[in-house]
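start_5.pdb (PDB, C-alpha atoms and all ligand atoms)
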```pdb
ATOM      1  CA  MET A   1       2.044 -57.099 -44.694
ATOM      2  CA  ASN A   2       5.235 -56.809 -46.713
ATOM      3  CA  ARG A   3       8.656 -55.979 -45.310
ATOM      4  CA  SER A   4       8.820 -52.366 -46.592
ATOM      5  CA  SER A   5       5.499 -51.362 -44.967
ATOM      6  CA  ASN A   6       6.749 -52.897 -41.662
ATOM      7  CA  ILE A   7       9.821 -50.680 -41.844
ATOM      8  CA  ILE A   8       7.651 -47.585 -42.500
ATOM      9  CA  ASP A   9       5.372 -48.495 -39.534
ATOM     10  CA  CYS A  10       8.390 -48.956 -37.305
ATOM     11  CA  LYS A  11       9.869 -45.640 -38.482
ATOM     12  CA  SER A  12       6.671 -43.686 -37.813
ATOM     13  CA  ASN A  13       6.218 -45.408 -34.425
ATOM     14  CA  CYS A  14       9.777 -44.635 -33.466
ATOM     15  CA  PHE A  15       9.314 -41.038 -34.562
ATOM     16  CA  LEU A  16       6.116 -40.687 -32.511
ATOM     17  CA  THR A  17       7.750 -42.264 -29.457
ATOM     18  CA  LEU A  18      10.723 -39.926 -29.808
ATOM     19  CA  LEU A  19       8.451 -36.892 -30.192
ATOM     20  CA  LEU A  20       6.415 -37.929 -27.151
ATOM     21  CA  ASN A  21       9.589 -38.348 -25.096
ATOM     22  CA  ILE A  22      10.883 -34.932 -26.121
ATOM     23  CA  LEU A  23       7.557 -33.287 -25.269
ATOM     24  CA  THR A  24       7.342 -35.079 -21.895
ATOM     25  CA  ILE A  25      10.913 -34.225 -20.947
ATOM     26  CA  ASN A  26      10.411 -30.584 -21.984
ATOM     27  CA  PHE A  27       7.137 -30.382 -20.072
ATOM     28  CA  ILE A  28       8.777 -31.771 -16.915
ATOM     29  CA  HIS A  29      11.583 -29.231 -17.248
ATOM     30  CA  LEU A  30       9.237 -26.332 -18.037
ATOM     31  CA  GLN A  31       6.770 -27.114 -15.226
ATOM     32  CA  PRO A  32       8.589 -25.024 -12.563
ATOM     33  CA  LEU A  33       8.709 -22.117 -15.051
ATOM     34  CA  PHE A  34       4.932 -22.397 -15.640
ATOM     35  CA  LYS A  35       4.383 -22.435 -11.862
ATOM     36  CA  VAL A  36       6.540 -19.322 -11.263
ATOM     37  CA  THR A  37       4.888 -17.465 -14.178
ATOM     38  CA  TYR A  38       1.439 -18.348 -12.842
ATOM     39  CA  LYS A  39       2.381 -17.243  -9.308
ATOM     40  CA  LEU A  40       3.789 -13.936 -10.618
ATOM     41  CA  TYR A  41       0.633 -13.416 -12.697
ATOM     42  CA  LYS A  42      -1.486 -13.926  -9.570
ATOM     43  CA  MET A  43       0.859 -11.719  -7.553
ATOM     44  CA  SER A  44       0.241  -8.689  -9.813
ATOM     45  CA  ASN A  45      -3.127  -8.591  -8.042
ATOM     46  CA  ILE A  46      -1.735  -8.238  -4.547
ATOM     47  CA  THR A  47      -0.751  -5.422  -2.250
ATOM     48  CA  PHE A  48       0.988  -5.337   1.101
ATOM     49  CA  THR A  49      -0.271  -3.499   4.191
ATOM     50  CA  MET A  50       0.524  -2.975   7.847
ATOM     51  CA  ILE A  51      -1.847  -1.738  10.523
ATOM     52  CA  LYS A  52       0.622   0.459  12.374
ATOM     53  CA  PRO A  53       1.333   0.618  16.151
ATOM     54  CA  ASP A  54      -0.877   3.742  16.688
ATOM     55  CA  ALA A  55      -3.977   2.071  15.215
ATOM     56  CA  VAL A  56      -3.274  -1.160  17.116
ATOM     57  CA  ARG A  57      -2.831   0.789  20.418
ATOM     58  CA  ASN A  58      -6.059   2.709  19.768
ATOM     59  CA  GLY A  59      -8.072  -0.499  19.213
ATOM     60  CA  HIS A  60      -8.770  -0.016  15.489
ATOM     61  CA  ILE A  61      -7.661  -3.424  14.123
ATOM     62  CA  GLY A  62     -11.207  -4.772  13.718
ATOM     63  CA  ALA A  63     -12.597  -1.607  12.122
ATOM     64  CA  ILE A  64      -9.677  -1.351   9.670
ATOM     65  CA  LEU A  65      -9.904  -5.028   8.647
ATOM     66  CA  ASN A  66     -13.618  -4.474   8.105
ATOM     67  CA  LYS A  67     -12.905  -1.534   5.763
ATOM     68  CA  MET A  68     -10.525  -3.767   3.800
ATOM     69  CA  ASN A  69     -13.203  -6.469   3.462
ATOM     70  CA  GLU A  70     -15.858  -3.946   2.478
ATOM     71  CA  GLY A  71     -13.419  -2.562  -0.114
ATOM     72  CA  GLY A  72     -13.358  -5.982  -1.795
ATOM     73  CA  PHE A  73      -9.906  -7.072  -0.616
ATOM     74  CA  LYS A  74      -9.293 -10.717   0.234
ATOM     75  CA  ILE A  75      -6.751 -11.407   2.991
ATOM     76  CA  VAL A  76      -4.311 -14.010   1.643
ATOM     77  CA  ALA A  77      -1.719 -13.703   4.443
ATOM     78  CA  MET A  78      -1.817 -12.072   7.869
ATOM     79  CA  LYS A  79       0.211 -11.922  11.091
ATOM     80  CA  TYR A  80       0.214 -10.040  14.394
ATOM     81  CA  THR A  81       3.829  -9.224  15.093
ATOM     82  CA  ARG A  82       6.303  -6.612  16.280
ATOM     83  CA  LEU A  83       9.188  -5.257  14.230
ATOM     84  CA  SER A  84      12.588  -4.897  15.851
ATOM     85  CA  LYS A  85      14.337  -1.556  15.213
ATOM     86  CA  GLU A  86      16.659  -3.345  12.819
ATOM     87  CA  LYS A  87      13.783  -4.896  10.825
ATOM     88  CA  ALA A  88      11.817  -1.621  10.736
ATOM     89  CA  GLY A  89      14.966   0.147   9.465
ATOM     90  CA  GLU A  90      15.423  -2.492   6.789
ATOM     91  CA  PHE A  91      11.773  -2.334   5.702
ATOM     92  CA  TYR A  92      11.877   1.467   5.289
ATOM     93  CA  GLU A  93      15.426   1.560   3.898
ATOM     94  CA  VAL A  94      14.270   3.589   0.843
ATOM     95  CA  HIS A  95      13.600   6.497   3.242
ATOM     96  CA  LYS A  96      17.046   6.280   4.887
ATOM     97  CA  GLU A  97      18.101   9.736   3.712
ATOM     98  CA  ARG A  98      14.848  11.428   4.745
ATOM     99  CA  PRO A  99      14.851  13.602   7.898
ATOM    100  CA  PHE A 100      11.983  11.573   9.409
ATOM    101  CA  TYR A 101      13.686   8.155   9.006
ATOM    102  CA  GLY A 102      14.790   7.809  12.667
ATOM    103  CA  GLU A 103      11.373   8.841  13.942
ATOM    104  CA  LEU A 104       9.688   6.412  11.513
ATOM    105  CA  VAL A 105      11.857   3.482  12.620
ATOM    106  CA  ASP A 106      11.290   4.266  16.342
ATOM    107  CA  PHE A 107       7.540   4.498  15.806
ATOM    108  CA  MET A 108       7.214   1.355  13.663
ATOM    109  CA  SER A 109       9.096  -0.696  16.264
ATOM    110  CA  SER A 110       7.237   0.858  19.244
ATOM    111  CA  GLY A 111       4.504  -1.804  19.455
ATOM    112  CA  PRO A 112       2.746  -4.633  17.646
ATOM    113  CA  ILE A 113       1.508  -4.314  14.079
ATOM    114  CA  VAL A 114      -0.729  -6.385  11.806
ATOM    115  CA  ALA A 115       1.023  -7.275   8.543
ATOM    116  CA  ALA A 116      -1.121  -8.577   5.680
ATOM    117  CA  VAL A 117      -1.134  -9.393   1.983
ATOM    118  CA  LEU A 118      -4.357  -8.444   0.214
ATOM    119  CA  GLN A 119      -5.676  -9.632  -3.132
ATOM    120  CA  LYS A 120      -7.954  -7.809  -5.554
ATOM    121  CA  ASP A 121      -7.828  -6.647  -9.176
ATOM    122  CA  ASN A 122      -5.786  -3.440  -9.331
ATOM    123  CA  ALA A 123      -4.866  -4.031  -5.665
ATOM    124  CA  VAL A 124      -2.076  -1.462  -5.199
ATOM    125  CA  GLU A 125      -3.941   1.523  -6.642
ATOM    126  CA  ASP A 126      -7.351   0.625  -5.154
ATOM    127  CA  PHE A 127      -5.844   0.121  -1.716
ATOM    128  CA  ARG A 128      -4.108   3.499  -1.825
ATOM    129  CA  THR A 129      -7.479   5.051  -2.639
ATOM    130  CA  LEU A 130      -9.062   3.196   0.302
ATOM    131  CA  ILE A 131      -6.432   4.386   2.805
ATOM    132  CA  GLY A 132      -6.197   8.004   1.593
ATOM    133  CA  ALA A 133      -3.283  10.461   1.499
ATOM    134  CA  THR A 134      -0.165   9.904   3.647
ATOM    135  CA  ASN A 135      -1.031  13.013   5.665
ATOM    136  CA  PRO A 136      -4.430  12.367   7.318
ATOM    137  CA  ALA A 137      -5.179  16.109   7.172
ATOM    138  CA  GLU A 138      -5.242  15.702   3.370
ATOM    139  CA  ALA A 139      -6.961  12.290   3.270
ATOM    140  CA  ALA A 140     -10.383  12.120   1.610
ATOM    141  CA  GLU A 141     -13.418  11.712   3.827
ATOM    142  CA  GLY A 142     -14.229   8.093   4.749
ATOM    143  CA  THR A 143     -10.717   6.799   3.984
ATOM    144  CA  ILE A 144      -8.919   4.718   6.621
ATOM    145  CA  ARG A 145      -6.384   7.449   7.382
ATOM    146  CA  ALA A 146      -9.055  10.163   7.603
ATOM    147  CA  LEU A 147     -10.924   7.991  10.103
ATOM    148  CA  TYR A 148      -8.129   6.485  12.191
ATOM    149  CA  ALA A 149      -4.808   8.337  11.691
ATOM    150  CA  THR A 150      -3.600  11.153  13.909
ATOM    151  CA  SER A 151      -0.581  12.608  12.063
ATOM    152  CA  ILE A 152       1.642  12.135   8.997
ATOM    153  CA  GLY A 153       4.060  10.072  11.096
ATOM    154  CA  GLU A 154       1.412   8.046  12.930
ATOM    155  CA  ASN A 155      -0.894   7.420  10.014
ATOM    156  CA  ALA A 156      -2.597   4.143  11.011
ATOM    157  CA  VAL A 157      -1.779   2.055   7.924
ATOM    158  CA  HIS A 158       0.876   1.414   5.320
ATOM    159  CA  GLY A 159       0.088   0.518   1.715
ATOM    160  CA  ALA A 160       2.646  -0.550  -0.911
ATOM    161  CA  ASP A 161       3.115   2.046  -3.666
ATOM    162  CA  SER A 162       3.791  -0.290  -6.634
ATOM    163  CA  ASP A 163       3.359  -3.933  -7.705
ATOM    164  CA  GLU A 164       7.118  -4.392  -7.410
ATOM    165  CA  ASN A 165       7.220  -3.037  -3.835
ATOM    166  CA  ALA A 166       4.096  -5.026  -2.882
ATOM    167  CA  LEU A 167       5.952  -8.215  -3.848
ATOM    168  CA  ARG A 168       9.142  -7.172  -2.073
ATOM    169  CA  GLU A 169       7.260  -6.179   1.094
ATOM    170  CA  ALA A 170       5.079  -9.333   1.072
ATOM    171  CA  ASN A 171       8.218 -11.467   0.790
ATOM    172  CA  PHE A 172       9.875  -9.426   3.556
ATOM    173  CA  HIS A 173       7.168 -10.496   6.045
ATOM    174  CA  PHE A 174       5.911 -13.845   4.727
ATOM    175  CA  SER A 175       7.364 -17.055   3.355
ATOM    176  CA  GLY A 176       5.759 -18.696   0.305
ATOM    177  CA  THR A 177       3.963 -21.237   2.507
ATOM    178  CA  GLU A 178       2.323 -18.440   4.553
ATOM    179  CA  MET A 179       0.572 -16.866   1.534
ATOM    180  CA  PHE A 180      -2.618 -18.448   0.203
ATOM    181  CA  MET A 181      -3.470 -17.114  -3.274
TER     182      MET A 181
HETATM  183  P1  LIG A 201       4.011   4.835   4.784
HETATM  184  O1  LIG A 201       2.939   4.691   3.752
HETATM  185  O2  LIG A 201       4.163   3.738   5.751
HETATM  186  O3  LIG A 201       5.396   5.067   4.041
HETATM  187  C1  LIG A 201       6.453   5.833   4.590
HETATM  188  C2  LIG A 201       6.060   6.503   5.862
HETATM  189  O4  LIG A 201       6.877   7.593   6.252
HETATM  190  C3  LIG A 201       4.695   7.139   5.695
HETATM  191  O5  LIG A 201       3.716   6.158   5.589
HETATM  192  C4  LIG A 201       4.632   8.054   6.904
HETATM  193  O6  LIG A 201       4.171   7.388   8.054
HETATM  194  C5  LIG A 201       6.088   8.430   7.083
HETATM  195  N1  LIG A 201       6.291   9.827   6.697
HETATM  196  C6  LIG A 201       6.194  10.340   5.468
HETATM  197  N2  LIG A 201       6.438  11.680   5.521
HETATM  198  C7  LIG A 201       6.685  11.986   6.805
HETATM  199  C8  LIG A 201       6.993  13.200   7.478
HETATM  200  N3  LIG A 201       7.093  14.359   6.815
HETATM  201  N4  LIG A 201       7.181  13.145   8.810
HETATM  202  C9  LIG A 201       7.098  11.970   9.474
HETATM  203  N5  LIG A 201       6.816  10.788   8.877
HETATM  204  C10 LIG A 201       6.590  10.796   7.561
END
```

Kindly transcribe the structure held in the file into C-alpha cells.
Ligand code: CMP
Amino acid sequence: MNRSSNIIDCKSNCFLTLLLNILTINFIHLQPLFKVTYKLYKMSNITFTMIKPDAVRNGHIGAILNKMNEGGFKIVAMKYTRLSKEKAGEFYEVHKERPFYGELVDFMSSGPIVAAVLQKDNAVEDFRTLIGATNPAEAAEGTIRALYATSIGENAVHGADSDENALREANFHFSGTEMFM
C-alpha cells in the first residue's frame, strides 16, 4: 500500500471514530430525556382514584376494586392510608373558594381511604364513565357512585378529571418507586 492511501485510510478511520464518539456521548446525554419522554407517554394512560372514607366505612373496598378490574383498569399503585386535614386541604386546593370546601376537607380526613393509580387506554375519560356523575342521584345505573355513594359530598370515589390532574394527583400520593407501569 502506498503512503497516500494510508493517509486516506487513517483519515476515514479517524472520522468514523470521531463520529462514533459523538453519537455515543450524545446518546448517553439523551438517555434520561428518552426515559422521561417514555414515562410521560405511558403516563397519558393513567388516572388517579381514591375510595373515599364513606365507602371504606361501609365495607365497599372489595366490590369497588372489582368494578375497576372488570372495567379493564390495571392497578399500578395502591395504598391504604388516611389524609390529615392539611393534606386533604392541599389535595382539594382547587376547590378552596367553593362553599363546600370545609365540609369536603373534614370528610376526606375523617377516616382511611384507598388511593390508587390505574392504567388503561383513555383512562381518565373511561374511569369517569365507570364511576358516574358526581351527584349519585344523577349517576347512570350500574356506575360505582350509583351503587355505593350516598350523597354529592359522600360520593364513594374520586376520579381525576384530566391527564394533567391525574399526573399531579398520582405524584401527590406516590413516589416514582411506588408506581409500576
Ligand atoms: P370529587 O370527584 O372527589 O371532586 C371534588 C369533590 O367535591 C366531589 O368529588 C364531591 O365529593 C365534592 N362536591 C362537589 N360538589 C359538592 C357539593 N355541592 N356539596 C358537597 N360536596 C361537593

Considering only C-alpha atoms, return as a list in words whatever protein or nucleic-acid residues lie within 7 Å of region 152-166 of chain A, sequence-local ones (same chain, fewer than 2 positions apart) excluded.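 What passes the distance filter is Ser44, Ile46, Thr47, Phe48, Thr49, Met50, Ile51, Lys52, Asp54, Ala55, Leu104, Val124, Phe127, Arg128, Thr134, Asn135, Pro136, Arg145, Tyr148, Ala149, Thr150, Arg168, Glu169 and Ala170 of chain A.
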
Only C-alpha atoms, please: the residues just picked out, written as an mmCIF file, in the frame of the given file.
```
data_model
loop_
_atom_site.group_PDB
_atom_site.id
_atom_site.type_symbol
_atom_site.label_atom_id
_atom_site.label_comp_id
_atom_site.auth_asym_id
_atom_site.auth_seq_id
_atom_site.Cartn_x
_atom_site.Cartn_y
_atom_site.Cartn_z
ATOM 1 C CA SER A 44 0.241 -8.689 -9.813
ATOM 2 C CA ILE A 46 -1.735 -8.238 -4.547
ATOM 3 C CA THR A 47 -0.751 -5.422 -2.250
ATOM 4 C CA PHE A 48 0.988 -5.337 1.101
ATOM 5 C CA THR A 49 -0.271 -3.499 4.191
ATOM 6 C CA MET A 50 0.524 -2.975 7.847
ATOM 7 C CA ILE A 51 -1.847 -1.738 10.523
ATOM 8 C CA LYS A 52 0.622 0.459 12.374
ATOM 9 C CA ASP A 54 -0.877 3.742 16.688
ATOM 10 C CA ALA A 55 -3.977 2.071 15.215
ATOM 11 C CA LEU A 104 9.688 6.412 11.513
ATOM 12 C CA VAL A 124 -2.076 -1.462 -5.199
ATOM 13 C CA PHE A 127 -5.844 0.121 -1.716
ATOM 14 C CA ARG A 128 -4.108 3.499 -1.825
ATOM 15 C CA THR A 134 -0.165 9.904 3.647
ATOM 16 C CA ASN A 135 -1.031 13.013 5.665
ATOM 17 C CA PRO A 136 -4.430 12.367 7.318
ATOM 18 C CA ARG A 145 -6.384 7.449 7.382
ATOM 19 C CA TYR A 148 -8.129 6.485 12.191
ATOM 20 C CA ALA A 149 -4.808 8.337 11.691
ATOM 21 C CA THR A 150 -3.600 11.153 13.909
ATOM 22 C CA ARG A 168 9.142 -7.172 -2.073
ATOM 23 C CA GLU A 169 7.260 -6.179 1.094
ATOM 24 C CA ALA A 170 5.079 -9.333 1.072
#
```

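Once the PyMOL selection byres (((chain A and resi 109) around 12) and not hetatm) is applied to the depicted file, the selected set reads Lys52, Pro53, Asp54, Thr81, Arg82, Leu83, Ser84, Lys85, Glu86, Lys87, Ala88, Gly89, Glu90, Phe91, Tyr92, Gly102, Glu103, Leu104, Val105, Asp106, Phe107, Met108, Ser110, Gly111, Pro112 and Ile113 of chain A.
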
May I ask for the distance between atom N3 of ligand LIG 201 (chain A) and CA of Lys79 (chain A), given in Å to one decimal place? 27.5 Å

Distance of CA of Val114 (chain A) from atom O5 of ligand LIG 201 (chain A), expressed in Å to one decimal place: 14.7 Å

Please compute the CA of Lys96 (chain A)-CA of Phe172 (chain A) distance, one decimal, in Å.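 If I compute the distance from CA of Lys96 (chain A) to CA of Phe172 (chain A), I get 17.3 Å.
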